[in-house]
file my_file-v2.tsv (TSV, C-alpha atoms)
chain	number	residue	atom	x	y	z
A	2	GLN	CA	-12.88	-1.15	13.19
A	3	VAL	CA	-11.46	0.23	9.96
A	4	GLN	CA	-12.90	-0.21	6.50
A	5	LEU	CA	-10.68	0.32	3.48
A	6	VAL	CA	-11.71	0.97	-0.12
A	7	GLU	CA	-9.13	1.08	-2.89
A	8	SER	CA	-9.48	2.84	-6.23
A	9	GLY	CA	-7.35	4.01	-9.10
A	10	GLY	CA	-6.36	0.75	-10.72
A	11	GLY	CA	-6.64	0.11	-14.42
A	12	LEU	CA	-4.87	-0.79	-17.62
A	13	VAL	CA	-1.73	1.17	-18.42
A	14	GLN	CA	1.13	0.80	-20.86
A	15	ALA	CA	4.62	0.01	-19.67
A	16	GLY	CA	6.40	3.19	-18.69
A	17	GLY	CA	3.22	4.86	-17.55
A	18	SER	CA	2.11	5.88	-14.07
A	19	LEU	CA	-0.79	5.24	-11.75
A	20	ARG	CA	-1.90	6.65	-8.44
A	21	LEU	CA	-3.83	4.30	-6.24
A	22	SER	CA	-6.01	5.61	-3.44
A	23	CYS	CA	-7.27	3.95	-0.28
A	24	ALA	CA	-10.09	5.61	1.60
A	25	ALA	CA	-10.39	4.61	5.23
A	26	SER	CA	-13.39	4.87	7.48
A	27	GLY	CA	-13.27	4.63	11.22
A	28	ARG	CA	-11.58	6.50	14.00
A	29	SER	CA	-7.95	7.31	14.66
A	30	PHE	CA	-6.74	6.86	11.10
A	31	SER	CA	-3.62	8.88	11.87
A	32	SER	CA	-2.51	6.33	14.44
A	33	TYR	CA	-2.48	3.42	12.00
A	34	THR	CA	0.43	2.11	9.99
A	35	MET	CA	-0.85	1.87	6.42
A	36	ALA	CA	0.55	-0.35	3.71
A	37	TRP	CA	0.10	-1.57	0.18
A	38	PHE	CA	0.52	-5.20	-0.81
A	39	ARG	CA	0.00	-6.82	-4.18
A	40	GLN	CA	-0.79	-10.26	-5.49
A	41	ALA	CA	-0.06	-11.42	-9.00
A	42	PRO	CA	-1.81	-14.48	-10.48
A	43	GLY	CA	-0.38	-17.66	-9.06
A	44	LYS	CA	1.84	-15.82	-6.59
A	45	GLU	CA	1.71	-15.00	-2.92
A	46	ARG	CA	0.67	-11.59	-1.71
A	47	GLU	CA	3.75	-9.40	-1.29
A	48	PHE	CA	4.65	-6.17	0.42
A	49	VAL	CA	4.92	-3.04	-1.71
A	50	ALA	CA	5.15	-0.04	0.61
A	51	SER	CA	4.19	1.19	4.06
A	52	ILE	CA	3.84	4.44	5.92
A	53	LYS	CA	3.83	4.82	9.66
A	54	PRO	CA	1.80	7.27	11.75
A	55	THR	CA	2.89	10.80	11.04
A	56	TRP	CA	4.78	11.36	14.30
A	57	ILE	CA	7.28	8.60	13.48
A	58	ALA	CA	10.43	10.16	12.03
A	59	THR	CA	11.26	7.53	9.41
A	60	THR	CA	7.84	6.96	8.04
A	61	THR	CA	8.08	5.08	4.76
A	62	ASN	CA	9.37	1.74	3.60
A	63	TYR	CA	9.44	0.24	0.11
A	64	ALA	CA	10.00	-3.12	-1.48
A	65	ASP	CA	13.12	-3.25	-3.60
A	66	SER	CA	10.98	-3.96	-6.66
A	67	VAL	CA	9.36	-0.50	-6.51
A	68	LYS	CA	11.94	1.55	-4.65
A	69	GLY	CA	12.90	4.69	-6.52
A	70	ARG	CA	9.80	4.74	-8.71
A	71	SER	CA	7.01	4.74	-6.17
A	72	THR	CA	5.79	7.02	-3.40
A	73	ILE	CA	3.42	6.26	-0.55
A	74	ALA	CA	1.75	9.18	1.17
A	75	ARG	CA	-1.09	9.76	3.58
A	76	ASP	CA	-3.64	12.49	4.09
A	77	ASN	CA	-4.77	12.18	7.69
A	78	ALA	CA	-7.38	14.92	7.32
A	79	GLY	CA	-8.95	13.02	4.44
A	80	ASN	CA	-8.39	9.52	5.87
A	81	THR	CA	-6.68	8.48	2.67
A	82	VAL	CA	-3.43	6.81	1.73
A	83	TYR	CA	-1.97	6.94	-1.76
A	84	LEU	CA	0.49	4.90	-3.77
A	85	GLN	CA	2.04	6.49	-6.83
A	86	ILE	CA	3.97	4.14	-9.10
A	87	ASN	CA	5.94	5.49	-12.04
A	88	ASN	CA	7.68	3.73	-14.89
A	89	LEU	CA	5.29	0.81	-14.58
A	90	LYS	CA	6.48	-2.57	-15.77
A	91	PRO	CA	4.52	-5.66	-16.85
A	92	GLU	CA	5.71	-7.39	-13.68
A	93	ASP	CA	3.81	-4.78	-11.67
A	94	THR	CA	0.58	-6.39	-12.89
A	95	ALA	CA	-1.33	-7.53	-9.81
A	96	VAL	CA	-4.24	-6.84	-7.55
A	97	TYR	CA	-3.16	-4.12	-5.15
A	98	TYR	CA	-4.47	-4.22	-1.59
A	99	CYS	CA	-4.51	-1.54	1.05
A	100	ALA	CA	-3.94	-2.69	4.62
A	101	ALA	CA	-3.94	-1.14	8.08
A	102	ARG	CA	-2.50	-2.06	11.45
A	103	GLN	CA	-2.78	-0.21	14.71
A	104	GLY	CA	0.29	1.63	15.95
A	105	VAL	CA	3.83	0.77	14.97
A	106	CYS	CA	6.07	-2.25	15.15
A	107	SER	CA	9.72	-2.47	16.05
A	108	GLY	CA	12.45	-4.23	14.17
A	109	ALA	CA	13.80	-3.94	10.69
A	110	GLY	CA	11.28	-4.91	8.07
A	111	CYS	CA	8.47	-5.50	10.51
A	112	ASP	CA	6.07	-3.42	8.41
A	113	ARG	CA	6.34	-6.06	5.69
A	114	VAL	CA	4.66	-8.82	7.67
A	115	LEU	CA	1.33	-9.45	6.01
A	116	GLN	CA	-0.14	-11.32	8.96
A	117	ASP	CA	0.23	-8.32	11.24
A	118	TYR	CA	-2.30	-6.25	9.29
A	119	ALA	CA	-5.79	-6.66	10.68
A	120	TYR	CA	-7.70	-4.62	8.10
A	121	TRP	CA	-7.76	-5.08	4.34
A	122	GLY	CA	-9.49	-3.57	1.37
A	123	GLN	CA	-11.04	-5.52	-1.48
A	124	GLY	CA	-8.21	-4.76	-3.89
A	125	THR	CA	-7.87	-2.91	-7.16
A	126	GLN	CA	-6.53	-4.46	-10.35
A	127	VAL	CA	-3.48	-2.97	-12.04
A	128	THR	CA	-2.58	-4.33	-15.45
A	129	VAL	CA	0.52	-3.17	-17.27
A	130	SER	CA	0.78	-3.98	-20.95
A	131	SER	CA	4.11	-4.30	-22.71
call {"tool": "encode", "arguments": {"input": "my_file-v2.tsv", "output": "structure tokens"}}
result
Amino acid sequence: QVQLVESGGGLVQAGGSLRLSCAASGRSFSSYTMAWFRQAPGKEREFVASIKPTWIATTTNYADSVKGRSTIARDNAGNTVYLQINNLKPEDTAVYYCAARQGVCSGAGCDRVLQDYAYWGQGTQVTVSS
């Protein structure tokens, strides 16, 4: 069992940056694929970024909407995963959720499948003002 707690959300002006954190409890954190999803009002929850267990060569994956201005990273010693987003835009406004799944999946884009993540945090609100 893994419990996830997000933090770091808030109100920021367009063009600013935020770093979200997700603290995980439980065993074998390093063996989990970790991801961030987000859900804007009236929209479905969508994939933002993922990071595989450290021993996987190509470890990160990003949605096109944040690619080039965001970085996902993990600290296995501290059981924490981070999401840094720069040059924030009003369309980034959403509740951001941390998610975890055991092991890795195969196939292009498989990390983006929301239903495959068994563990979820409560979410942290990010609001970007124009």
call {"tool": "residues_around", "arguments": {"input": "my_file-v2.tsv", "residues": "range 91-108 of chain A", "least_positions_apart": "4", "cutoff": "8 Å", "atoms": "only C-alpha atoms", "output": "ChimeraX atom specification"}}
result
/A:3,5-7,15,23,32-42,53-54,112,117-131
call {"tool": "residues_around", "arguments": {"input": "my_file-v2.tsv", "residues": "Val82 in chain A", "least_positions_apart": "3", "cutoff": "9 Å", "atoms": "all atoms listed in the file", "output": "list in words"}}
result
Leu21, Ser22, Cys23, Ala24, Ala25, Met35, Ala36, Ile52, Ile73, Ala74, Arg75, Asp76, Asn77, Gly79 and Cys99 of chain A
call {"tool": "write_last_selection", "arguments": {"input": "my_file-v2.tsv", "atoms": "C-alpha atoms", "output": "JSON list (two decimals), in the frame of the given file"}}
result
[["chain", "number", "residue", "atom", "x", "y", "z"],
["A", 21, "LEU", "CA", -3.83, 4.30, -6.24],
["A", 22, "SER", "CA", -6.01, 5.61, -3.44],
["A", 23, "CYS", "CA", -7.27, 3.95, -0.28],
["A", 24, "ALA", "CA", -10.09, 5.61, 1.60],
["A", 25, "ALA", "CA", -10.39, 4.61, 5.23],
["A", 35, "MET", "CA", -0.85, 1.87, 6.42],
["A", 36, "ALA", "CA", 0.55, -0.35, 3.71],
["A", 52, "ILE", "CA", 3.84, 4.44, 5.92],
["A", 73, "ILE", "CA", 3.42, 6.26, -0.55],
["A", 74, "ALA", "CA", 1.75, 9.18, 1.17],
["A", 75, "ARG", "CA", -1.09, 9.76, 3.58],
["A", 76, "ASP", "CA", -3.64, 12.49, 4.09],
["A", 77, "ASN", "CA", -4.77, 12.18, 7.69],
["A", 79, "GLY", "CA", -8.95, 13.02, 4.44],
["A", 99, "CYS", "CA", -4.51, -1.54, 1.05]]
call {"tool": "closest_residue", "arguments": {"input": "my_file-v2.tsv", "among": "A:Ile57, A:Ala78, A:Ala50, A:Ile86", "to": "Val13 in chain A", "atoms": "all atoms listed in the file"}}
result
A:Ile86
call {"tool": "atom_distance", "arguments": {"input": "my_file-v2.tsv", "atom1": "CA of Gly9 in chain A", "atom2": "CA of Leu89 in chain A"}}
result
14.1 Å
call {"tool": "atom_distance", "arguments": {"input": "my_file-v2.tsv", "atom1": "CA of Asn80 in chain A", "atom2": "CA of Phe30 in chain A"}}
result
6.1 Å
call {"tool": "closest_residue", "arguments": {"input": "my_file-v2.tsv", "among": "A:Thr55, A:Val49, A:Thr81, A:Gly110", "to": "Ser26 in chain A", "atoms": "all atoms listed in the file"}}
result
A:Thr81
call {"tool": "axis_aligned_box", "arguments": {"input": "my_file-v2.tsv", "around": "range 18-32 of chain A", "padding_each_side": "5 Å", "output": "AutoDock Vina command-line options"}}
result
--center_x -5.6 --center_y 6.4 --center_z 0.3 --size_x 25.5 --size_y 14.9 --size_z 38.7
call {"tool": "closest_residue", "arguments": {"input": "my_file-v2.tsv", "among": "A:Leu84, A:Gln14, A:Arg20, A:Arg28", "to": "Asn62 in chain A", "atoms": "all atoms listed in the file"}}
result
A:Leu84
call {"tool": "closest_residue", "arguments": {"input": "my_file-v2.tsv", "among": "A:Thr61, A:Asn88, A:Ser71, A:Ser31", "to": "Arg113 in chain A", "atoms": "all atoms listed in the file"}}
result
A:Thr61
call {"tool": "atom_distance", "arguments": {"input": "my_file-v2.tsv", "atom1": "CA of Ser29 in chain A", "atom2": "CA of Gln2 in chain A"}}
result
9.9 Å
